[in-house]
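The data block below is final.cif; it holds mmCIF, C-alpha atoms.
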data_my_file
#
loop_
_atom_site.label_atom_id
_atom_site.label_comp_id
_atom_site.auth_asym_id
_atom_site.auth_seq_id
_atom_site.Cartn_x
_atom_site.Cartn_y
_atom_site.Cartn_z
CA MET A 1 71.39 -3.62 122.71
CA LYS A 2 71.98 0.08 122.03
CA LYS A 3 75.40 1.55 122.88
CA ASN A 4 75.78 5.04 124.27
CA TYR A 5 78.45 6.96 122.41
CA LYS A 6 80.04 10.02 123.91
CA ARG A 7 80.54 12.86 121.47
CA LYS A 8 84.09 14.26 121.47
CA ARG A 9 84.01 17.90 122.56
CA GLY A 10 87.67 18.83 122.32
CA PRO A 11 90.88 18.25 124.23
CA VAL A 12 89.98 20.18 127.42
CA GLN A 13 86.56 20.30 129.05
CA SER A 14 86.34 22.22 132.34
CA LYS A 15 83.36 22.16 134.67
CA LYS A 16 81.47 25.46 134.98
CA VAL A 17 80.96 26.59 138.59
CA THR A 18 78.77 29.30 140.15
CA TYR A 19 79.82 31.07 143.35
CA ASP A 20 78.71 34.45 144.81
CA GLY A 21 76.43 34.83 141.78
CA ILE A 22 79.39 34.69 139.38
CA LYS A 23 79.66 31.96 136.73
CA PHE A 24 83.26 30.76 136.65
CA ALA A 25 84.63 28.77 133.73
CA SER A 26 86.43 26.35 136.08
CA GLY A 27 86.86 25.32 139.69
CA LEU A 28 90.40 26.73 139.64
CA GLU A 29 89.04 30.20 138.79
CA ARG A 30 86.60 29.95 141.71
CA TYR A 31 89.43 28.92 144.03
CA MET A 32 91.49 31.93 142.90
CA TYR A 33 88.50 34.23 143.46
CA GLN A 34 88.02 32.86 147.00
CA ALA A 35 91.75 33.25 147.79
CA LEU A 36 91.78 36.86 146.55
CA LYS A 37 88.60 37.69 148.47
CA LYS A 38 89.88 36.04 151.68
CA ASN A 39 93.04 38.19 151.54
CA LYS A 40 91.07 41.36 150.67
CA ILE A 41 92.81 41.80 147.30
CA ASP A 42 90.71 43.86 144.91
CA ALA A 43 90.37 42.09 141.54
CA ILE A 44 87.59 41.95 138.96
CA TYR A 45 86.63 38.65 137.32
CA GLU A 46 86.85 38.97 133.51
CA GLY A 47 86.90 42.73 133.99
CA ALA A 48 88.41 43.78 130.65
CA THR A 49 88.93 42.50 127.13
CA PHE A 50 92.08 43.48 125.27
CA GLU A 51 92.35 43.73 121.51
CA ILE A 52 95.82 42.24 121.05
CA VAL A 53 95.76 42.29 117.23
CA PRO A 54 93.55 44.92 115.58
CA GLU A 55 91.24 44.15 112.69
CA PHE A 56 92.56 44.78 109.20
CA HIS A 57 91.50 44.54 105.58
CA PHE A 58 93.19 41.79 103.54
CA ASN A 59 93.38 43.17 99.99
CA ASN A 60 95.20 40.24 98.38
CA LEU A 61 93.77 37.13 96.77
CA SER A 62 93.37 34.11 99.03
CA TYR A 63 92.15 30.66 98.00
CA GLU A 64 90.87 28.62 100.92
CA ARG A 65 87.94 26.89 102.55
CA THR A 66 86.00 28.65 105.29
CA SER A 67 87.80 28.82 108.65
CA ASN A 68 85.96 25.74 110.00
CA GLY A 69 87.41 23.65 107.13
CA LYS A 70 84.06 23.13 105.39
CA GLY A 71 82.75 24.39 102.09
CA GLU A 72 84.48 24.81 98.76
CA PHE A 73 88.11 25.70 98.14
CA LYS A 74 87.62 29.07 96.43
CA GLU A 75 88.74 32.70 96.34
CA ARG A 76 88.08 34.32 99.71
CA GLY A 77 90.39 37.33 99.66
CA ASN A 78 89.69 41.06 99.76
CA LYS A 79 87.91 40.88 103.12
CA LYS A 80 88.01 42.34 106.59
CA VAL A 81 89.88 40.13 109.10
CA LEU A 82 88.46 40.34 112.61
CA PRO A 83 90.64 41.34 115.58
CA ILE A 84 92.17 38.89 118.07
CA LYS A 85 90.82 39.64 121.54
CA TYR A 86 91.82 38.28 124.93
CA THR A 87 89.97 38.36 128.25
CA PRO A 88 92.08 37.37 131.28
CA ASP A 89 90.42 35.88 134.36
CA PHE A 90 91.26 38.52 137.00
CA ILE A 91 92.37 42.14 136.67
CA CYS A 92 93.39 44.57 139.37
CA PRO A 93 91.47 47.84 138.80
CA ASN A 94 94.70 49.85 138.23
CA TYR A 95 96.34 47.05 136.15
CA THR A 96 98.98 46.31 138.82
CA PHE A 97 98.44 42.61 138.17
CA ILE A 98 96.56 40.30 135.81
CA ILE A 99 95.83 36.64 136.59
CA GLU A 100 95.02 33.89 134.09
CA CYS A 101 94.09 30.57 135.75
CA LYS A 102 94.88 27.78 133.34
CA GLY A 103 94.61 24.14 134.45
CA ARG A 104 95.25 22.55 131.07
CA ALA A 105 95.66 24.77 128.05
CA ASN A 106 94.14 24.05 124.64
CA GLU A 107 96.31 24.16 121.54
CA SER A 108 95.64 27.83 120.71
CA PHE A 109 96.35 29.21 124.19
CA PRO A 110 100.20 29.40 124.06
CA LEU A 111 100.09 31.62 120.97
CA ARG A 112 97.42 33.93 122.42
CA TRP A 113 99.34 34.12 125.71
CA LYS A 114 102.53 35.20 123.90
CA LEU A 115 100.63 37.84 121.95
CA PHE A 116 99.03 39.07 125.18
CA LYS A 117 102.42 39.28 126.94
CA LYS A 118 103.79 41.31 124.03
CA TYR A 119 100.75 43.61 124.19
CA ILE A 120 101.14 44.12 127.97
CA SER A 121 104.89 44.74 127.72
CA ARG A 122 104.33 47.49 125.15
CA ARG A 123 101.26 49.01 126.78
CA TYR A 124 101.73 48.74 130.53
CA SER A 125 105.49 48.75 131.09
CA ASN A 126 107.40 51.66 132.59
CA GLY A 127 110.56 50.83 130.64
CA GLN A 128 112.53 49.45 133.61
CA GLY A 129 111.09 45.94 133.58
CA GLN A 130 108.27 46.97 135.86
CA GLY A 131 104.62 47.59 135.31
CA THR A 132 101.79 45.08 135.17
CA MET A 133 102.61 41.70 136.74
CA LEU A 134 101.21 38.61 135.02
CA PHE A 135 100.38 35.40 136.87
CA LYS A 136 99.34 32.08 135.33
CA PRO A 137 98.64 29.62 138.16
CA GLN A 138 97.83 26.07 137.05
CA ASN A 139 96.79 24.53 140.37
CA GLN A 140 95.58 25.55 143.84
CA LYS A 141 99.09 25.64 145.31
CA GLU A 142 100.17 28.11 142.61
CA CYS A 143 97.02 30.18 143.31
CA ASP A 144 98.12 30.46 146.93
CA GLN A 145 101.65 31.42 145.83
CA THR A 146 100.16 34.06 143.50
CA VAL A 147 98.24 35.60 146.41
CA GLN A 148 101.42 35.72 148.53
CA LEU A 149 103.40 37.35 145.71
CA ILE A 150 100.68 39.98 145.25
CA LEU A 151 100.53 40.66 149.01
CA ASN A 152 104.35 41.04 149.11
CA SER A 153 104.27 43.47 146.17
CA LEU A 154 101.62 45.64 147.88
CA LYS A 155 103.80 46.19 150.99
#
Can I see the file as structure tokens?
Amino acid sequence: MKKNYKRKRGPVQSKKVTYDGIKFASGLERYMYQALKKNKIDAIYEGATFEIVPEFHFNNLSYERTSNGKGEFKERGNKKVLPIKYTPDFICPNYTFIIECKGRANESFPLRWKLFKKYISRRYSNGQGQGTMLFKPQNQKECDQTVQLILNSLK
């Protein structure tokens, strides 16, 4: 008798969903989209990508395997290091708010989120603690709270 083995894909696997001709990465993102649309809040799904750490050239020596952990342990220095980019889920056209729906985060997300917050605070802050508002709802109730907070800020 042959056993069916399930291949491990990683710690978090969300179900892709299509709605209004848009492919959402999760059901929570679709729910947020529907809540924003229902309340006539203008937001663009994955509307912008931010380069939170620019590319640079590493001139030193570096002995390592390739980034996927395979291959030989050898000299891999003196190379261009690619930038770190981040694409949030929803962006208001004038950057009043940015929403990142995150049910369960993978292990790299907290670091990217901190880098993104630092980038936003430097780039889109008016110096008095105001500027772009960030929201990170993790369930439908928090999506509804996010919508209410945005509506209150627009008054």
Closest of A:Lys70, A:Lys85, A:Lys80, A:Lys15 to Ala48 (chain A), counting all atoms listed in the file, is A:Lys85
Find the residue from A:Asp144, A:Glu100, A:Glu75, A:Glu46 that sits nearest to Lys23 (chain A); use all atoms listed in the file when measuring.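 Comparing A:Asp144, A:Glu100, A:Glu75, A:Glu46 against Lys23 (chain A), the winner is A:Glu46.
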Query - Interatomic distance (Å, one decimal) between CA of Tyr31 (chain A) and CA of Val17 (chain A) - result: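 Spanning CA of Tyr31 (chain A) to CA of Val17 (chain A) is a straight-line distance of 10.3 Å.
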Target residues per the PyMOL selection byres ((chain A and resi 90) around 9), formatted as a ChimeraX atom specification
/A:29,32-33,43-48,87-89,91-92,97-101
Restricting to only C-alpha atoms, whichever of A:Ser121, A:Asn39, A:Asn60, A:Ser26 is closest to Gln138 (chain A) is A:Ser26
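Against the coordinates shown, the PyMOL selection byres ((chain A and resi 141) around 12) returns Leu28, Tyr31, Met32, Ala35, Cys101, Gly103, Lys136, Pro137, Gln138, Asn139, Gln140, Glu142, Cys143, Asp144, Gln145, Thr146, Val147 and Gln148 of chain A.
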Practice problem: Please indicate the distance in Å from CA of Gly77 (chain A) to CA of Val53 (chain A), rounded to one decimal place. | Solution: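 Pair CA of Gly77 (chain A) / CA of Val53 (chain A) returns 19.0 Å.
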How far is it from CA of Leu134 (chain A) to CA of Lys117 (chain A), in Å with one decimal?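 Going from CA of Leu134 (chain A) over to CA of Lys117 (chain A) covers 8.2 Å.
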Explicit residues for the PyMOL selection byres ((chain A and resi 82) around 10) (as a short mmCIF file (atom, residue, chain, number, x, y, z; two decimals) with C-alpha atoms, in the frame of the given file):
data_model
loop_
_atom_site.label_atom_id
_atom_site.label_comp_id
_atom_site.auth_asym_id
_atom_site.auth_seq_id
_atom_site.Cartn_x
_atom_site.Cartn_y
_atom_site.Cartn_z
CA VAL A 53 95.76 42.29 117.23
CA PRO A 54 93.55 44.92 115.58
CA GLU A 55 91.24 44.15 112.69
CA PHE A 56 92.56 44.78 109.20
CA HIS A 57 91.50 44.54 105.58
CA LYS A 79 87.91 40.88 103.12
CA LYS A 80 88.01 42.34 106.59
CA VAL A 81 89.88 40.13 109.10
CA PRO A 83 90.64 41.34 115.58
CA ILE A 84 92.17 38.89 118.07
CA LYS A 85 90.82 39.64 121.54
#
Kindly compute an axis-aligned box around the listed atoms of region 62-70 of chain A, allowing 6 Å on each side, and express its centre and edge lengths in Å to one decimal as AutoDock Vina command-line options.
--center_x 88.7 --center_y 28.6 --center_z 104.0 --size_x 21.3 --size_y 23.0 --size_z 24.0
